[in-house]
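Visitor: The structure under discussion is supplied below as structure tokens; questions concerning it will follow.
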Amino acid sequence: SPAAKKKSKIGKRGVTLGKWYCAEPIATGSFDKPGFPEKKVDLTARDSAGKAIWTVRPDWTDATIHKFVIPASAAMYMHRTITSKKEITLTAGFGSDDGCAAWLNGKEILSCDEMRGVKVDSDRVKLKLRKGENQLLFKLYNARGNAGFFFRIIEIMPKVGKSKAAARAAKRKRDTTPQPGKVTKVGVTAESLKLAINDLGKKFPQYKAIDYLK
């Protein structure tokens, strides 16, 4: 399967990508105003009400454009751990709607304050991974409208650009318009449908059912 192949490719380089975590959007008011995750990330932290601040997002697959809605003038922070068996440099492709910033092991590696839609590999950044665990923090800033992000390791992951769920839905979608010799979604051909309507026309001539086939 594609997922198995992706895991195999990552394994050959001795790199393991942890799951994404995200915090609730923060009303920063501007791209430049930092949110609390920029000071420290504690994935086990809880707020005053005892609710977990960070939520794991196993549905955020890589090499996929993810779109969602967050408030305007707000920043959403995402975090993941990247574990490497050796020092290695890989290229990350980021996309964002609107602006974004990223830090690897506390060092800023990306800052883009733009009004834009999310696209594949809008920003390409070198990830200089050290041996062991590496902490990747990503900020998505939404100026207005919808929001979204994209991430992949270019040397490892194919370019997809849309969610697997959307691809499966498109594959399941079928044309139900009757055509000669074609089986429709309800399991009948156009010929058998025509015969059925002809029979109805004979039984109920006042409705002129056959006219609907012209």
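We label chains A, B, ... in the order they appear in the structure tokens, count residues from 1 in each chain, and number ligands from 1 in the order shown.
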Give me, as a PyMOL selection string, all polymer residues having an atom no more than 6 Å from A:Trp103, counting only C-alpha atoms and skipping those fewer than 2 positions away in the same chain.
Guide: chain A and resi 106-109+136-137
Visitor: Find the residues around A:Lys33 up to 12 Å (only C-alpha atoms counted), leave out those fewer than 2 positions away in its own chain, and share them as number ranges by chain.
Guide: A: 26-31, 35-38, 73-75, 101, 113, 139, 141
Visitor: Provide the atom CA of A:Lys126 to atom CA of A:Lys85 distance in Å, to one decimal place.
Guide: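 Result for atom CA of A:Lys126 versus atom CA of A:Lys85: 17.6 Å, one decimal.
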Visitor: Quick one: residues within 10 Å of A:Glu114, only C-alpha atoms counted, chain neighbours fewer than 3 positions away excluded, as number ranges by chain?
Guide: A: 31, 96-100, 111, 117, 141-143
Visitor: Can you spit out the residues from that selection as an mmCIF file, in the first residue's frame, using N, CA and C atoms?
Guide:
data_model
loop_
_atom_site.group_PDB
_atom_site.id
_atom_site.type_symbol
_atom_site.label_atom_id
_atom_site.label_comp_id
_atom_site.auth_asym_id
_atom_site.auth_seq_id
_atom_site.Cartn_x
_atom_site.Cartn_y
_atom_site.Cartn_z
ATOM 1 N N PHE A 31 0.436 38.818 12.717
ATOM 2 C CA PHE A 31 1.362 37.718 12.467
ATOM 3 C C PHE A 31 2.570 37.784 13.392
ATOM 4 N N SER A 96 0.606 27.125 3.273
ATOM 5 C CA SER A 96 -0.216 27.717 4.331
ATOM 6 C C SER A 96 -1.229 28.700 3.773
ATOM 7 N N ASP A 97 -2.314 28.850 4.517
ATOM 8 C CA ASP A 97 -3.354 29.845 4.246
ATOM 9 C C ASP A 97 -3.711 30.468 5.605
ATOM 10 N N ASP A 98 -3.203 31.642 6.028
ATOM 11 C CA ASP A 98 -2.439 32.531 5.166
ATOM 12 C C ASP A 98 -0.916 32.379 5.447
ATOM 13 N N GLY A 99 -0.414 33.143 6.438
ATOM 14 C CA GLY A 99 1.007 33.141 6.726
ATOM 15 C C GLY A 99 1.431 31.960 7.574
ATOM 16 N N CYS A 100 2.750 31.772 7.689
ATOM 17 C CA CYS A 100 3.249 30.673 8.508
ATOM 18 C C CYS A 100 4.665 30.958 8.992
ATOM 19 N N SER A 111 9.651 31.985 7.955
ATOM 20 C CA SER A 111 8.745 33.061 8.345
ATOM 21 C C SER A 111 8.182 33.678 7.073
ATOM 22 N N GLY A 117 -3.504 31.461 -0.498
ATOM 23 C CA GLY A 117 -4.179 30.190 -0.322
ATOM 24 C C GLY A 117 -3.147 29.085 -0.153
ATOM 25 N N TYR A 141 -0.943 31.318 10.575
ATOM 26 C CA TYR A 141 -1.654 32.554 10.912
ATOM 27 C C TYR A 141 -2.739 32.810 9.881
ATOM 28 N N ASN A 142 -3.972 32.956 10.363
ATOM 29 C CA ASN A 142 -5.097 33.218 9.476
ATOM 30 C C ASN A 142 -5.516 34.685 9.581
ATOM 31 N N ALA A 143 -5.288 35.439 8.506
ATOM 32 C CA ALA A 143 -5.675 36.849 8.500
ATOM 33 C C ALA A 143 -7.188 36.986 8.365
#
Visitor: Residues at most 12 Å from stretch 39-42 of chain A, counting only C-alpha atoms, excluding those fewer than 6 positions away in the same chain, as a PyMOL selection string?
Guide: chain A and resi 21-23+52-55+77-81+103+105-107+135-138
Visitor: For the selection you just gave me, I'd like the residues written to a file as a short mmCIF file (atom, residue, chain, number, x, y, z; two decimals), in the first residue's frame, keeping N, CA, C and O atoms.
Guide:
data_model
loop_
_atom_site.label_atom_id
_atom_site.label_comp_id
_atom_site.auth_asym_id
_atom_site.auth_seq_id
_atom_site.Cartn_x
_atom_site.Cartn_y
_atom_site.Cartn_z
N TYR A 21 0.49 17.46 16.70
CA TYR A 21 -0.34 17.95 17.81
C TYR A 21 -0.69 19.40 17.48
O TYR A 21 0.09 20.10 16.84
N CYS A 22 -1.84 19.85 17.93
CA CYS A 22 -2.19 21.26 17.72
C CYS A 22 -2.84 21.84 18.96
O CYS A 22 -3.45 21.12 19.76
N ALA A 23 -2.66 23.14 19.13
CA ALA A 23 -3.29 23.87 20.22
C ALA A 23 -4.46 24.67 19.65
O ALA A 23 -4.54 24.91 18.44
N ALA A 52 -6.74 19.51 28.33
CA ALA A 52 -5.46 19.41 27.64
C ALA A 52 -5.32 20.54 26.61
O ALA A 52 -6.25 20.81 25.85
N ILE A 53 -4.17 21.19 26.61
CA ILE A 53 -3.93 22.31 25.69
C ILE A 53 -3.62 21.79 24.28
O ILE A 53 -4.05 22.38 23.29
N TRP A 54 -2.91 20.69 24.21
CA TRP A 54 -2.52 20.12 22.93
C TRP A 54 -3.35 18.88 22.61
O TRP A 54 -3.59 18.04 23.48
N THR A 55 -3.77 18.77 21.36
CA THR A 55 -4.58 17.65 20.91
C THR A 55 -3.86 16.92 19.78
O THR A 55 -3.39 17.55 18.83
N TYR A 77 -1.01 26.82 16.43
CA TYR A 77 0.31 26.21 16.53
C TYR A 77 0.22 24.70 16.45
O TYR A 77 -0.68 24.08 17.03
N MET A 78 1.16 24.12 15.72
CA MET A 78 1.23 22.67 15.55
C MET A 78 2.64 22.20 15.91
O MET A 78 3.61 22.93 15.69
N HIS A 79 2.71 21.00 16.41
CA HIS A 79 4.01 20.48 16.84
C HIS A 79 4.12 19.00 16.52
O HIS A 79 3.13 18.26 16.58
N ARG A 80 5.32 18.58 16.18
CA ARG A 80 5.58 17.15 16.02
C ARG A 80 7.04 16.86 16.34
O ARG A 80 7.91 17.75 16.23
N THR A 81 7.30 15.63 16.72
CA THR A 81 8.66 15.18 17.01
C THR A 81 9.17 14.36 15.83
O THR A 81 8.49 13.46 15.35
N TRP A 103 9.84 26.50 13.41
CA TRP A 103 11.05 26.42 14.22
C TRP A 103 11.46 24.96 14.34
O TRP A 103 10.62 24.08 14.57
N ASN A 105 13.93 22.69 16.61
CA ASN A 105 14.75 22.69 17.83
C ASN A 105 14.98 24.11 18.36
O ASN A 105 16.08 24.47 18.79
N GLY A 106 13.93 24.92 18.28
CA GLY A 106 13.98 26.27 18.83
C GLY A 106 14.53 27.33 17.89
O GLY A 106 14.47 28.52 18.20
N LYS A 107 15.04 26.93 16.73
CA LYS A 107 15.61 27.89 15.78
C LYS A 107 14.62 28.13 14.65
O LYS A 107 14.12 27.20 14.04
N GLN A 135 12.49 18.69 17.53
CA GLN A 135 11.18 19.29 17.79
C GLN A 135 10.85 20.30 16.69
O GLN A 135 11.58 21.28 16.50
N LEU A 136 9.76 20.04 15.97
CA LEU A 136 9.31 20.94 14.91
C LEU A 136 8.04 21.65 15.36
O LEU A 136 7.03 21.01 15.66
N LEU A 137 8.10 22.97 15.40
CA LEU A 137 6.94 23.80 15.75
C LEU A 137 6.53 24.60 14.52
O LEU A 137 7.38 25.23 13.87
N PHE A 138 5.24 24.58 14.21
CA PHE A 138 4.74 25.27 13.03
C PHE A 138 3.60 26.20 13.43
O PHE A 138 2.70 25.80 14.18
#
Visitor: Measuring atom to atom with only C-alpha atoms, identify which of A:Leu129, A:Met115, A:Ala102, A:Leu43 is nearest to A:Ala147.
Guide: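 Checking each of A:Leu129, A:Met115, A:Ala102, A:Leu43 against A:Ala147, counting only C-alpha atoms, the winner is A:Met115.
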Visitor: At what distance in Å, to one decimal, does atom CA of A:Gly132 lie from atom CA of A:Ile88?
Guide: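 Separation of atom CA of A:Ile88 and atom CA of A:Gly132: 10.8 Å.
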Visitor: Just how far from atom CA of A:Thr91 is atom CA of A:Arg124, in Å to one decimal?
Guide: 6.6 Å
Visitor: Taking only C-alpha atoms into account, name the residue in A:Leu140, A:Ala196, A:Val118, A:Ile153 that is nearest to A:Met76.
Guide: A:Leu140
Visitor: Restricting the calculation to only C-alpha atoms, which member of A:Val120, A:Leu195, A:Ala45, A:Ala72 is positioned closest to A:Phe150?
Guide: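 For A:Phe150, the nearest of the given residues is A:Val120.
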Visitor: Can you work out which one of A:Leu104, A:Ile154, A:Leu90, A:Cys112 has the shortest atom-to-atom distance to A:Asp62, counting only C-alpha atoms?
Guide: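 With only C-alpha atoms as the atom set, the closest residue is A:Ile154.
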